[in-house]
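A.B. asks: So I've got this file, model_13.cif, and it contains mmCIF, C-alpha atoms and all ligand atoms:
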```
data_entry
loop_
_atom_site.group_PDB
_atom_site.id
_atom_site.type_symbol
_atom_site.label_atom_id
_atom_site.label_comp_id
_atom_site.auth_asym_id
_atom_site.auth_seq_id
_atom_site.Cartn_x
_atom_site.Cartn_y
_atom_site.Cartn_z
ATOM 1 C CA MET A 1296 -7.191 -14.466 -6.978
ATOM 2 C CA LYS A 1297 -3.831 -16.026 -7.626
ATOM 3 C CA VAL A 1298 -2.177 -17.167 -4.381
ATOM 4 C CA ILE A 1299 1.591 -17.610 -4.073
ATOM 5 C CA LYS A 1300 2.698 -19.101 -0.764
ATOM 6 C CA VAL A 1301 6.353 -18.809 0.125
ATOM 7 C CA LYS A 1302 8.517 -19.688 3.110
ATOM 8 C CA ASN A 1303 9.367 -16.367 4.627
ATOM 9 C CA TYR A 1304 9.574 -12.578 4.297
ATOM 10 C CA GLU A 1305 12.679 -12.722 2.102
ATOM 11 C CA GLU A 1306 10.989 -14.988 -0.446
ATOM 12 C CA MET A 1307 7.805 -12.915 -0.338
ATOM 13 C CA SER A 1308 9.841 -9.808 -1.202
ATOM 14 C CA GLU A 1309 11.688 -11.667 -3.966
ATOM 15 C CA GLU A 1310 8.444 -12.864 -5.583
ATOM 16 C CA ALA A 1311 6.944 -9.387 -5.273
ATOM 17 C CA LEU A 1312 9.986 -7.913 -7.034
ATOM 18 C CA LYS A 1313 9.393 -10.235 -9.992
ATOM 19 C CA VAL A 1314 5.812 -8.989 -10.338
ATOM 20 C CA MET A 1315 6.852 -5.343 -10.039
ATOM 21 C CA LEU A 1316 9.648 -5.727 -12.596
ATOM 22 C CA SER A 1317 7.345 -7.458 -15.070
ATOM 23 C CA VAL A 1318 5.021 -4.439 -14.967
ATOM 24 C CA VAL A 1319 7.831 -1.896 -15.357
ATOM 25 C CA SER A 1320 9.579 -3.798 -18.137
ATOM 26 C CA GLU A 1321 6.328 -4.124 -20.071
ATOM 27 C CA ASN A 1322 5.537 -0.424 -19.648
ATOM 28 C CA PRO A 1323 8.346 1.993 -18.722
ATOM 29 C CA ASN A 1324 5.676 4.711 -18.229
ATOM 30 C CA ALA A 1325 3.756 2.597 -15.712
ATOM 31 C CA VAL A 1326 1.722 4.136 -12.914
ATOM 32 C CA LEU A 1327 2.787 2.395 -9.723
ATOM 33 C CA GLY A 1328 0.352 2.400 -6.815
ATOM 34 C CA LEU A 1329 2.559 2.144 -3.740
ATOM 35 C CA ALA A 1330 2.070 1.391 -0.066
ATOM 36 C CA THR A 1331 3.773 2.109 3.246
ATOM 37 C CA GLY A 1332 4.189 -0.052 6.340
ATOM 38 C CA SER A 1333 6.579 -2.806 7.322
ATOM 39 C CA THR A 1334 5.373 -5.265 4.688
ATOM 40 C CA PRO A 1335 6.768 -3.631 1.501
ATOM 41 C CA LEU A 1336 10.153 -2.627 2.970
ATOM 42 C CA GLY A 1337 11.864 -5.784 1.687
ATOM 43 C CA LEU A 1338 10.441 -5.258 -1.785
ATOM 44 C CA TYR A 1339 11.573 -1.618 -1.786
ATOM 45 C CA ALA A 1340 15.103 -2.643 -0.759
ATOM 46 C CA LYS A 1341 15.151 -5.162 -3.614
ATOM 47 C CA MET A 1342 13.874 -2.590 -6.114
ATOM 48 C CA ALA A 1343 16.712 -0.283 -5.057
ATOM 49 C CA GLN A 1344 19.280 -3.075 -5.353
ATOM 50 C CA ASP A 1345 17.962 -4.098 -8.780
ATOM 51 C CA HIS A 1346 18.055 -0.464 -9.907
ATOM 52 C CA ARG A 1347 21.717 -0.180 -8.826
ATOM 53 C CA GLU A 1348 22.862 -3.508 -10.178
ATOM 54 C CA ASN A 1349 20.699 -4.019 -13.274
ATOM 55 C CA GLY A 1350 19.761 -0.465 -14.142
ATOM 56 C CA THR A 1351 15.976 -0.876 -14.118
ATOM 57 C CA SER A 1352 14.753 2.667 -14.635
ATOM 58 C CA TYR A 1353 11.725 4.391 -13.124
ATOM 59 C CA ALA A 1354 12.532 7.716 -14.789
ATOM 60 C CA ASN A 1355 9.273 7.664 -16.752
ATOM 61 C CA CYS A 1356 7.096 6.012 -14.092
ATOM 62 C CA ARG A 1357 4.549 7.829 -12.008
ATOM 63 C CA ALA A 1358 3.676 6.820 -8.431
ATOM 64 C CA VAL A 1359 0.495 7.243 -6.442
ATOM 65 C CA ASN A 1360 0.438 6.324 -2.771
ATOM 66 C CA LEU A 1361 -2.464 4.929 -0.827
ATOM 67 C CA ASP A 1362 -2.746 7.060 2.244
ATOM 68 C CA GLU A 1363 -1.349 9.707 4.580
ATOM 69 C CA TYR A 1364 -1.943 10.699 8.188
ATOM 70 C CA VAL A 1365 -3.965 13.842 8.741
ATOM 71 C CA GLY A 1366 -1.729 16.522 10.241
ATOM 72 C CA LEU A 1367 1.653 15.168 9.084
ATOM 73 C CA ASP A 1368 3.805 16.351 6.197
ATOM 74 C CA ALA A 1369 7.309 15.692 4.882
ATOM 75 C CA SER A 1370 8.873 17.451 7.878
ATOM 76 C CA SER A 1371 7.608 14.615 10.095
ATOM 77 C CA ASP A 1372 9.548 11.382 9.963
ATOM 78 C CA GLN A 1373 6.303 9.526 10.726
ATOM 79 C CA SER A 1374 4.575 10.811 7.603
ATOM 80 C CA TYR A 1375 4.129 8.544 4.651
ATOM 81 C CA VAL A 1376 5.550 11.126 2.239
ATOM 82 C CA TYR A 1377 8.772 10.933 4.291
ATOM 83 C CA PHE A 1378 8.610 7.121 4.426
ATOM 84 C CA MET A 1379 8.416 6.847 0.650
ATOM 85 C CA ARG A 1380 11.335 9.194 0.045
ATOM 86 C CA GLU A 1381 13.560 7.480 2.579
ATOM 87 C CA ASN A 1382 12.671 3.886 1.788
ATOM 88 C CA LEU A 1383 12.280 3.974 -1.967
ATOM 89 C CA PHE A 1384 12.284 7.185 -3.960
ATOM 90 C CA LYS A 1385 15.769 8.378 -2.988
ATOM 91 C CA ASN A 1386 17.143 4.958 -3.950
ATOM 92 C CA ILE A 1387 15.725 4.752 -7.486
ATOM 93 C CA ASP A 1388 15.550 7.248 -10.363
ATOM 94 C CA ILE A 1389 11.857 8.153 -10.183
ATOM 95 C CA LYS A 1390 11.337 11.918 -10.407
ATOM 96 C CA LEU A 1391 9.900 13.277 -7.174
ATOM 97 C CA GLU A 1392 7.527 15.521 -9.121
ATOM 98 C CA ASN A 1393 5.992 12.341 -10.548
ATOM 99 C CA THR A 1394 5.231 10.934 -7.099
ATOM 100 C CA HIS A 1395 1.870 11.677 -5.525
ATOM 101 C CA ILE A 1396 0.292 11.290 -2.121
ATOM 102 C CA GLU A 1397 -2.472 13.044 -0.236
ATOM 103 C CA ASN A 1398 -1.348 16.262 1.475
ATOM 104 C CA GLY A 1399 -1.731 15.493 5.171
ATOM 105 C CA THR A 1400 -1.703 19.150 6.140
ATOM 106 C CA ALA A 1401 -4.179 20.420 3.510
ATOM 107 C CA ALA A 1402 -6.320 23.176 5.049
ATOM 108 C CA ASP A 1403 -9.426 22.049 3.184
ATOM 109 C CA LYS A 1404 -9.602 18.293 3.637
ATOM 110 C CA GLU A 1405 -12.627 17.744 1.419
ATOM 111 C CA ALA A 1406 -10.966 19.666 -1.415
ATOM 112 C CA GLU A 1407 -7.845 17.555 -0.929
ATOM 113 C CA CYS A 1408 -9.892 14.354 -1.307
ATOM 114 C CA ALA A 1409 -11.454 15.725 -4.493
ATOM 115 C CA ARG A 1410 -8.029 16.713 -5.858
ATOM 116 C CA TYR A 1411 -6.650 13.236 -5.208
ATOM 117 C CA ASN A 1412 -9.640 11.494 -6.756
ATOM 118 C CA ALA A 1413 -9.278 13.579 -9.897
ATOM 119 C CA LEU A 1414 -5.593 12.697 -10.025
ATOM 120 C CA LEU A 1415 -6.340 8.976 -9.650
ATOM 121 C CA ASN A 1416 -8.823 9.182 -12.480
ATOM 122 C CA GLU A 1417 -6.008 10.500 -14.672
ATOM 123 C CA LEU A 1418 -3.356 8.128 -13.354
ATOM 124 C CA ARG A 1419 -4.923 4.697 -13.382
ATOM 125 C CA GLN A 1420 -2.569 2.313 -11.597
ATOM 126 C CA ASP A 1421 -0.924 -0.360 -13.748
ATOM 127 C CA ILE A 1422 -0.207 -2.081 -10.460
ATOM 128 C CA GLN A 1423 -1.414 -1.366 -6.941
ATOM 129 C CA LEU A 1424 0.700 -2.744 -4.126
ATOM 130 C CA LEU A 1425 -1.057 -3.447 -0.823
ATOM 131 C CA GLY A 1426 -0.381 -4.713 2.664
ATOM 132 C CA ILE A 1427 -3.229 -5.925 4.837
ATOM 133 C CA GLY A 1428 -4.147 -4.866 8.362
ATOM 134 C CA SER A 1429 -4.701 -7.462 11.073
ATOM 135 C CA ASN A 1430 -8.368 -6.378 10.994
ATOM 136 C CA GLY A 1431 -8.594 -6.871 7.217
ATOM 137 C CA HIS A 1432 -8.155 -3.239 6.223
ATOM 138 C CA ILE A 1433 -6.434 -2.254 2.990
ATOM 139 C CA ALA A 1434 -4.892 1.192 2.831
ATOM 140 C CA PHE A 1435 -6.769 2.879 5.728
ATOM 141 C CA ASN A 1436 -10.133 1.520 4.658
ATOM 142 C CA GLU A 1437 -11.250 0.212 8.018
ATOM 143 C CA PRO A 1438 -13.984 -2.415 8.588
ATOM 144 C CA GLY A 1439 -17.342 -1.114 7.397
ATOM 145 C CA THR A 1440 -15.967 1.004 4.532
ATOM 146 C CA ALA A 1441 -18.208 0.935 1.457
ATOM 147 C CA PHE A 1442 -16.865 -1.107 -1.445
ATOM 148 C CA ASP A 1443 -17.673 1.825 -3.768
ATOM 149 C CA SER A 1444 -15.735 4.384 -1.671
ATOM 150 C CA VAL A 1445 -13.283 6.867 -3.180
ATOM 151 C CA THR A 1446 -10.579 8.954 -1.450
ATOM 152 C CA HIS A 1447 -11.870 10.043 1.941
ATOM 153 C CA ILE A 1448 -10.883 10.866 5.511
ATOM 154 C CA VAL A 1449 -11.136 8.092 8.071
ATOM 155 C CA ASP A 1450 -11.138 7.771 11.821
ATOM 156 C CA LEU A 1451 -8.568 5.055 12.420
ATOM 157 C CA ALA A 1452 -9.726 1.904 14.202
ATOM 158 C CA GLU A 1453 -8.334 1.384 17.717
ATOM 159 C CA SER A 1454 -6.613 -1.811 16.499
ATOM 160 C CA THR A 1455 -4.865 0.146 13.737
ATOM 161 C CA ILE A 1456 -3.730 2.852 16.158
ATOM 162 C CA LYS A 1457 -2.346 0.105 18.407
ATOM 163 C CA ASP A 1458 -0.659 -1.753 15.498
ATOM 164 C CA ASN A 1459 0.957 1.459 14.254
ATOM 165 C CA SER A 1460 1.988 2.773 17.683
ATOM 166 C CA ARG A 1461 5.147 0.637 17.470
ATOM 167 C CA LEU A 1462 6.458 3.218 15.016
ATOM 168 C CA PHE A 1463 5.767 6.222 17.278
ATOM 169 C CA LYS A 1464 7.306 7.258 20.618
ATOM 170 C CA SER A 1465 3.986 6.658 22.341
ATOM 171 C CA ILE A 1466 0.469 5.632 21.360
ATOM 172 C CA ASP A 1467 -0.716 9.203 22.066
ATOM 173 C CA GLU A 1468 1.367 10.439 19.134
ATOM 174 C CA VAL A 1469 -0.389 8.236 16.558
ATOM 175 C CA PRO A 1470 -2.708 10.443 14.503
ATOM 176 C CA ARG A 1471 -6.383 9.517 14.877
ATOM 177 C CA GLN A 1472 -7.326 10.322 11.296
ATOM 178 C CA ALA A 1473 -5.936 9.683 7.832
ATOM 179 C CA PHE A 1474 -6.607 10.346 4.184
ATOM 180 C CA THR A 1475 -7.008 7.153 2.209
ATOM 181 C CA MET A 1476 -7.708 6.014 -1.311
ATOM 182 C CA GLY A 1477 -11.104 4.353 -1.287
ATOM 183 C CA LEU A 1478 -11.797 0.759 -2.178
ATOM 184 C CA SER A 1479 -13.066 1.601 -5.655
ATOM 185 C CA ASN A 1480 -9.860 3.576 -6.364
ATOM 186 C CA ILE A 1481 -7.937 0.414 -5.452
ATOM 187 C CA MET A 1482 -10.206 -1.854 -7.512
ATOM 188 C CA ASN A 1483 -9.645 0.425 -10.502
ATOM 189 C CA ALA A 1484 -5.992 -0.687 -10.706
ATOM 190 C CA LYS A 1485 -5.214 -2.972 -13.621
ATOM 191 C CA LYS A 1486 -3.323 -5.353 -11.345
ATOM 192 C CA VAL A 1487 -3.318 -5.685 -7.559
ATOM 193 C CA LEU A 1488 -0.413 -7.187 -5.609
ATOM 194 C CA ILE A 1489 -1.174 -7.830 -1.951
ATOM 195 C CA LEU A 1490 1.552 -8.990 0.429
ATOM 196 C CA ALA A 1491 1.199 -10.509 3.879
ATOM 197 C CA ASN A 1492 3.708 -11.919 6.315
ATOM 198 C CA GLY A 1493 3.668 -13.055 9.903
ATOM 199 C CA GLU A 1494 1.134 -14.816 12.077
ATOM 200 C CA GLY A 1495 -0.610 -11.584 12.992
ATOM 201 C CA LYS A 1496 -2.032 -11.468 9.474
ATOM 202 C CA ALA A 1497 -3.221 -15.098 9.336
ATOM 203 C CA ASN A 1498 -6.871 -14.400 10.187
ATOM 204 C CA ALA A 1499 -7.062 -11.483 7.781
ATOM 205 C CA VAL A 1500 -5.539 -13.610 5.001
ATOM 206 C CA ARG A 1501 -8.030 -16.402 5.679
ATOM 207 C CA GLU A 1502 -10.885 -13.904 5.301
ATOM 208 C CA LEU A 1503 -9.317 -12.441 2.170
ATOM 209 C CA VAL A 1504 -9.112 -15.837 0.471
ATOM 210 C CA LYS A 1505 -11.896 -17.889 2.008
ATOM 211 C CA GLY A 1506 -14.271 -15.457 3.694
ATOM 212 C CA GLU A 1507 -17.488 -14.119 2.289
ATOM 213 C CA ALA A 1508 -16.999 -10.795 0.470
ATOM 214 C CA ARG A 1509 -18.363 -8.178 2.873
ATOM 215 C CA GLU A 1510 -17.679 -4.633 3.979
ATOM 216 C CA GLU A 1511 -16.787 -5.725 7.541
ATOM 217 C CA VAL A 1512 -13.581 -7.136 5.990
ATOM 218 C CA PRO A 1513 -12.499 -4.539 3.417
ATOM 219 C CA ALA A 1514 -9.827 -6.721 1.783
ATOM 220 C CA THR A 1515 -12.524 -9.166 0.617
ATOM 221 C CA VAL A 1516 -13.474 -6.635 -2.082
ATOM 222 C CA LEU A 1517 -10.398 -7.962 -3.920
ATOM 223 C CA GLN A 1518 -12.078 -11.331 -4.501
ATOM 224 C CA SER A 1519 -13.798 -9.834 -7.522
ATOM 225 C CA HIS A 1520 -10.709 -8.123 -8.951
ATOM 226 C CA PRO A 1521 -9.816 -9.669 -12.342
ATOM 227 C CA ASP A 1522 -6.037 -9.653 -11.740
ATOM 228 C CA CYS A 1523 -5.144 -9.896 -8.067
ATOM 229 C CA ILE A 1524 -2.067 -11.707 -6.741
ATOM 230 C CA LEU A 1525 -1.574 -12.527 -3.064
ATOM 231 C CA ILE A 1526 1.937 -13.396 -1.947
ATOM 232 C CA CYS A 1527 2.108 -14.595 1.654
ATOM 233 C CA ASP A 1528 4.602 -16.373 3.847
ATOM 234 C CA GLU A 1529 3.876 -19.611 5.701
ATOM 235 C CA ALA A 1530 2.833 -17.884 8.919
ATOM 236 C CA ALA A 1531 0.345 -15.502 7.277
ATOM 237 C CA GLY A 1532 -0.954 -18.266 5.029
ATOM 238 C CA LYS A 1533 -1.368 -20.925 7.697
ATOM 239 C CA PHE A 1534 -5.191 -21.032 7.373
ATOM 240 C CA ILE A 1535 -5.386 -21.121 3.582
HETATM 241 P P1 LIG A 1601 2.192 -3.329 7.953
HETATM 242 O O1 LIG A 1601 0.785 -2.643 7.726
HETATM 243 O O2 LIG A 1601 2.769 -3.555 6.600
HETATM 244 O O3 LIG A 1601 2.988 -2.355 8.752
HETATM 245 O O4 LIG A 1601 1.916 -4.621 8.673
HETATM 246 C C1 LIG A 1601 -0.062 -3.168 6.768
HETATM 247 C C2 LIG A 1601 -1.352 -2.400 6.770
HETATM 248 O O5 LIG A 1601 -1.799 -1.955 7.853
HETATM 249 O O6 LIG A 1601 -1.946 -2.235 5.691
#
```
Mind turning this structure into structure tokens?
C.D. replies:
Amino acid sequence: MKVIKVKNYEEMSEEALKVMLSVVSENPNAVLGLATGSTPLGLYAKMAQDHRENGTSYANCRAVNLDEYVGLDASSDQSYVYFMRENLFKNIDIKLENTHIENGTAADKEAECARYNALLNELRQDIQLLGIGSNGHIAFNEPGTAFDSVTHIVDLAESTIKDNSRLFKSIDEVPRQAFTMGLSNIMNAKKVLILANGEGKANAVRELVKGEAREEVPATVLQSHPDCILICDEAAGKFI
């Protein structure tokens, strides 16, 4: 794993932009694996700015997102489909029909997982962007998830529900389940870019870099990825 330590969130986002732009400039048809959460917001703002100012085009890119809450769709401003449109897609020239995410309101959840797995097999990510949970999760693969898992439905860990409740009116509104790409879908990406900022991520980052690879800390699966880059700020990287 290549580790890039920077001062703060701004520099983390700047470094991440460089990696993203190198992938898109090398392959204008790239498949971009994207993520939600607070961590990538700075990167997404910089991608939008670069698109406006320098004309980087995503018109031929495809996007696949990691995860979606069960029960939410684009009409909910807490859904990840909504998040992606508001925070990135409406600000660049990617075609919405080329953006993919699990359907949170699918009637048949198992069929939805199978559909998404088939799609991921067709659209292998040229880059997969990730944040990391304070408990070491990546996407919604909570501690104990099998390293060979594919898209599945998860019961969210209490710590994740608590972490994410800041974005909801109350903790009772946080969905208890989500669809998520599995760890093997993530490992299948040609390149992985994982970002971490803030002290709350320091223990998870230590495990990611220095811990033993084990299913109790899902992010440690990345230790065996052939092209994984971690960009973290000083606070998140204080133990490495
Ligand atoms: P965050 O979430 O970016 O909102 O901190 C990261 C994650 O849980 O994967």
A.B. asks: Return as an MDAnalysis selection string the set of residues that the PyMOL selection byres (((chain A and resi 1520-1533) around 8) and not hetatm) yields on the displayed structure.
C.D. replies: chainID A and resid 1296:1304 1306:1307 1310:1311 1482 1485:1498 1500:1501 1516:1519 1534:1535
A.B. asks: Find the residues of chain A that sit at most 10 Å from ligand LIG 1601 (chain A); for each, write down the nearest two atoms and how far apart they are in Å, to one decimal. Count only C-alpha atoms and all ligand atoms. Sort by chain, then by number going up, and give it as JSON lines.
C.D. replies:
```
{"residue": "A:Ala1330", "atom": "CA", "partner": "A:LIG1601", "partner_atom": "O6", "distance": 7.9}
{"residue": "A:Thr1331", "atom": "CA", "partner": "A:LIG1601", "partner_atom": "O2", "distance": 6.7}
{"residue": "A:Gly1332", "atom": "CA", "partner": "A:LIG1601", "partner_atom": "O3", "distance": 3.5}
{"residue": "A:Ser1333", "atom": "CA", "partner": "A:LIG1601", "partner_atom": "O3", "distance": 3.9}
{"residue": "A:Thr1334", "atom": "CA", "partner": "A:LIG1601", "partner_atom": "O2", "distance": 3.7}
{"residue": "A:Pro1335", "atom": "CA", "partner": "A:LIG1601", "partner_atom": "O2", "distance": 6.5}
{"residue": "A:Leu1336", "atom": "CA", "partner": "A:LIG1601", "partner_atom": "O2", "distance": 8.3}
{"residue": "A:Leu1361", "atom": "CA", "partner": "A:LIG1601", "partner_atom": "O6", "distance": 9.7}
{"residue": "A:Asp1362", "atom": "CA", "partner": "A:LIG1601", "partner_atom": "O6", "distance": 9.9}
{"residue": "A:Leu1425", "atom": "CA", "partner": "A:LIG1601", "partner_atom": "O6", "distance": 6.7}
{"residue": "A:Gly1426", "atom": "CA", "partner": "A:LIG1601", "partner_atom": "O6", "distance": 4.2}
{"residue": "A:Ile1427", "atom": "CA", "partner": "A:LIG1601", "partner_atom": "O6", "distance": 4.0}
{"residue": "A:Gly1428", "atom": "CA", "partner": "A:LIG1601", "partner_atom": "O5", "distance": 3.8}
{"residue": "A:Ser1429", "atom": "CA", "partner": "A:LIG1601", "partner_atom": "O5", "distance": 7.0}
{"residue": "A:Asn1430", "atom": "CA", "partner": "A:LIG1601", "partner_atom": "O5", "distance": 8.5}
{"residue": "A:Gly1431", "atom": "CA", "partner": "A:LIG1601", "partner_atom": "O6", "distance": 8.2}
{"residue": "A:His1432", "atom": "CA", "partner": "A:LIG1601", "partner_atom": "O6", "distance": 6.3}
{"residue": "A:Ile1433", "atom": "CA", "partner": "A:LIG1601", "partner_atom": "O6", "distance": 5.2}
{"residue": "A:Ala1434", "atom": "CA", "partner": "A:LIG1601", "partner_atom": "O6", "distance": 5.3}
{"residue": "A:Phe1435", "atom": "CA", "partner": "A:LIG1601", "partner_atom": "O6", "distance": 7.0}
{"residue": "A:Asn1436", "atom": "CA", "partner": "A:LIG1601", "partner_atom": "O6", "distance": 9.1}
{"residue": "A:Glu1437", "atom": "CA", "partner": "A:LIG1601", "partner_atom": "O5", "distance": 9.7}
{"residue": "A:Ser1454", "atom": "CA", "partner": "A:LIG1601", "partner_atom": "O5", "distance": 9.9}
{"residue": "A:Thr1455", "atom": "CA", "partner": "A:LIG1601", "partner_atom": "O5", "distance": 7.0}
{"residue": "A:Ile1456", "atom": "CA", "partner": "A:LIG1601", "partner_atom": "O5", "distance": 9.8}
{"residue": "A:Asp1458", "atom": "CA", "partner": "A:LIG1601", "partner_atom": "O3", "distance": 7.7}
{"residue": "A:Asn1459", "atom": "CA", "partner": "A:LIG1601", "partner_atom": "O3", "distance": 7.0}
{"residue": "A:Arg1461", "atom": "CA", "partner": "A:LIG1601", "partner_atom": "O3", "distance": 9.5}
{"residue": "A:Leu1462", "atom": "CA", "partner": "A:LIG1601", "partner_atom": "O3", "distance": 9.1}
{"residue": "A:Ile1489", "atom": "CA", "partner": "A:LIG1601", "partner_atom": "O6", "distance": 9.5}
{"residue": "A:Leu1490", "atom": "CA", "partner": "A:LIG1601", "partner_atom": "O2", "distance": 8.3}
{"residue": "A:Ala1491", "atom": "CA", "partner": "A:LIG1601", "partner_atom": "O4", "distance": 7.6}
{"residue": "A:Asn1492", "atom": "CA", "partner": "A:LIG1601", "partner_atom": "O4", "distance": 7.9}
{"residue": "A:Gly1493", "atom": "CA", "partner": "A:LIG1601", "partner_atom": "O4", "distance": 8.7}
{"residue": "A:Gly1495", "atom": "CA", "partner": "A:LIG1601", "partner_atom": "O4", "distance": 8.6}
{"residue": "A:Lys1496", "atom": "CA", "partner": "A:LIG1601", "partner_atom": "O4", "distance": 7.9}
{"residue": "A:Ala1514", "atom": "CA", "partner": "A:LIG1601", "partner_atom": "O6", "distance": 9.9}
```
A.B. asks: Name the residues that the PyMOL selection byres (((chain A and resi 1357) around 7) and not hetatm) pulls out of this structure, and write them as a list of chain:residue names.
C.D. replies: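 Against this file, the PyMOL selection byres (((chain A and resi 1357) around 7) and not hetatm) returns the residues A:Ala1325, A:Val1326, A:Leu1327, A:Asn1355, A:Cys1356, A:Ala1358, A:Val1359, A:Asn1393, A:Thr1394.
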A.B. asks: Which residues, written as a list of chain:residue names, have at least one atom at most 8 Å from A:Tyr1411, with all atoms listed in the file counted and residues fewer than 6 positions away on the same chain left out?
C.D. replies: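 With the cut-off at 8 Å, the set is A:Ile1396, A:Glu1397, A:Thr1446.
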A.B. asks: How would you write, as a PDB file with C-alpha atoms, in the frame of the given file, the residues chosen by the PyMOL selection byres (((chain A and resi 1379-1381) around 12) and not hetatm) on this structure?
C.D. replies:
```pdb
ATOM      1  CA  GLY A1328       0.352   2.400  -6.815  1.00  0.00           C
ATOM      2  CA  LEU A1329       2.559   2.144  -3.740  1.00  0.00           C
ATOM      3  CA  ALA A1330       2.070   1.391  -0.066  1.00  0.00           C
ATOM      4  CA  THR A1331       3.773   2.109   3.246  1.00  0.00           C
ATOM      5  CA  GLY A1332       4.189  -0.052   6.340  1.00  0.00           C
ATOM      6  CA  SER A1333       6.579  -2.806   7.322  1.00  0.00           C
ATOM      7  CA  PRO A1335       6.768  -3.631   1.501  1.00  0.00           C
ATOM      8  CA  LEU A1336      10.153  -2.627   2.970  1.00  0.00           C
ATOM      9  CA  TYR A1339      11.573  -1.618  -1.786  1.00  0.00           C
ATOM     10  CA  ALA A1340      15.103  -2.643  -0.759  1.00  0.00           C
ATOM     11  CA  ALA A1343      16.712  -0.283  -5.057  1.00  0.00           C
ATOM     12  CA  ALA A1358       3.676   6.820  -8.431  1.00  0.00           C
ATOM     13  CA  VAL A1359       0.495   7.243  -6.442  1.00  0.00           C
ATOM     14  CA  ASN A1360       0.438   6.324  -2.771  1.00  0.00           C
ATOM     15  CA  LEU A1361      -2.464   4.929  -0.827  1.00  0.00           C
ATOM     16  CA  ASP A1362      -2.746   7.060   2.244  1.00  0.00           C
ATOM     17  CA  GLU A1363      -1.349   9.707   4.580  1.00  0.00           C
ATOM     18  CA  ASP A1368       3.805  16.351   6.197  1.00  0.00           C
ATOM     19  CA  ALA A1369       7.309  15.692   4.882  1.00  0.00           C
ATOM     20  CA  SER A1370       8.873  17.451   7.878  1.00  0.00           C
ATOM     21  CA  SER A1371       7.608  14.615  10.095  1.00  0.00           C
ATOM     22  CA  ASP A1372       9.548  11.382   9.963  1.00  0.00           C
ATOM     23  CA  GLN A1373       6.303   9.526  10.726  1.00  0.00           C
ATOM     24  CA  SER A1374       4.575  10.811   7.603  1.00  0.00           C
ATOM     25  CA  TYR A1375       4.129   8.544   4.651  1.00  0.00           C
ATOM     26  CA  VAL A1376       5.550  11.126   2.239  1.00  0.00           C
ATOM     27  CA  TYR A1377       8.772  10.933   4.291  1.00  0.00           C
ATOM     28  CA  PHE A1378       8.610   7.121   4.426  1.00  0.00           C
ATOM     29  CA  ASN A1382      12.671   3.886   1.788  1.00  0.00           C
ATOM     30  CA  LEU A1383      12.280   3.974  -1.967  1.00  0.00           C
ATOM     31  CA  PHE A1384      12.284   7.185  -3.960  1.00  0.00           C
ATOM     32  CA  LYS A1385      15.769   8.378  -2.988  1.00  0.00           C
ATOM     33  CA  ASN A1386      17.143   4.958  -3.950  1.00  0.00           C
ATOM     34  CA  ILE A1387      15.725   4.752  -7.486  1.00  0.00           C
ATOM     35  CA  ASP A1388      15.550   7.248 -10.363  1.00  0.00           C
ATOM     36  CA  ILE A1389      11.857   8.153 -10.183  1.00  0.00           C
ATOM     37  CA  LYS A1390      11.337  11.918 -10.407  1.00  0.00           C
ATOM     38  CA  LEU A1391       9.900  13.277  -7.174  1.00  0.00           C
ATOM     39  CA  GLU A1392       7.527  15.521  -9.121  1.00  0.00           C
ATOM     40  CA  THR A1394       5.231  10.934  -7.099  1.00  0.00           C
ATOM     41  CA  HIS A1395       1.870  11.677  -5.525  1.00  0.00           C
ATOM     42  CA  ILE A1396       0.292  11.290  -2.121  1.00  0.00           C
TER      43      ILE A1396
END
```
A.B. asks: For A:Thr1475, which of A:Val1512, A:Val1365, A:Leu1316, A:Ile1422 is the closest residue, counting all atoms listed in the file?
C.D. replies: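 Selected residue with least distance to A:Thr1475: A:Val1365.
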A.B. asks: Which distance in Å separates atom CA of A:Gly1350 and atom CA of A:Leu1418, to one decimal?
C.D. replies: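 Computing it gives 24.7 Å between the two atoms.
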A.B. asks: Using all atoms listed in the file, which of A:Thr1351, A:Asn1324, A:Thr1440, A:Asn1480 sits nearest A:Leu1312?
C.D. replies: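 Comparing A:Thr1351, A:Asn1324, A:Thr1440, A:Asn1480 against A:Leu1312, the winner is A:Thr1351.
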A.B. asks: Might you pull out every residue within 6 Å of stretch 1464-1472 of chain A, with all atoms listed in the file counted and same-chain residues fewer than 3 positions away left off, and present them as an NGL selection string?
C.D. replies: :A and (1365 or 1449-1451 or 1460)
A.B. asks: Take the point (-14.2, -3.5, 1.7) as written in the file and pick out every residue within 7 Å of it, counting only C-alpha atoms; give the list as a ChimeraX atom specification.
C.D. replies: /A:1438-1442,1478,1509-1516
A.B. asks: As an exercise, work out the distance from atom CA of A:His1346 to atom CA of A:Glu1309 in Å and give it to one decimal place.
C.D. replies: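 Atom CA of A:Glu1309 lies at a distance of 14.2 Å from atom CA of A:His1346.
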A.B. asks: Counting only C-alpha atoms, which residue out of A:Asp1421, A:Asn1483, A:Glu1405, A:Asn1416 sits closest to A:Asp1443?
C.D. replies: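 Closest to A:Asp1443 of all the choices is A:Asn1483.
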A.B. asks: Please report the interatomic distance between atom CA of A:Leu1414 and atom CA of A:Ile1448 in Å with one decimal.
C.D. replies: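 Straight-line distance from atom CA of A:Leu1414 to atom CA of A:Ile1448 works out to 16.5 Å.
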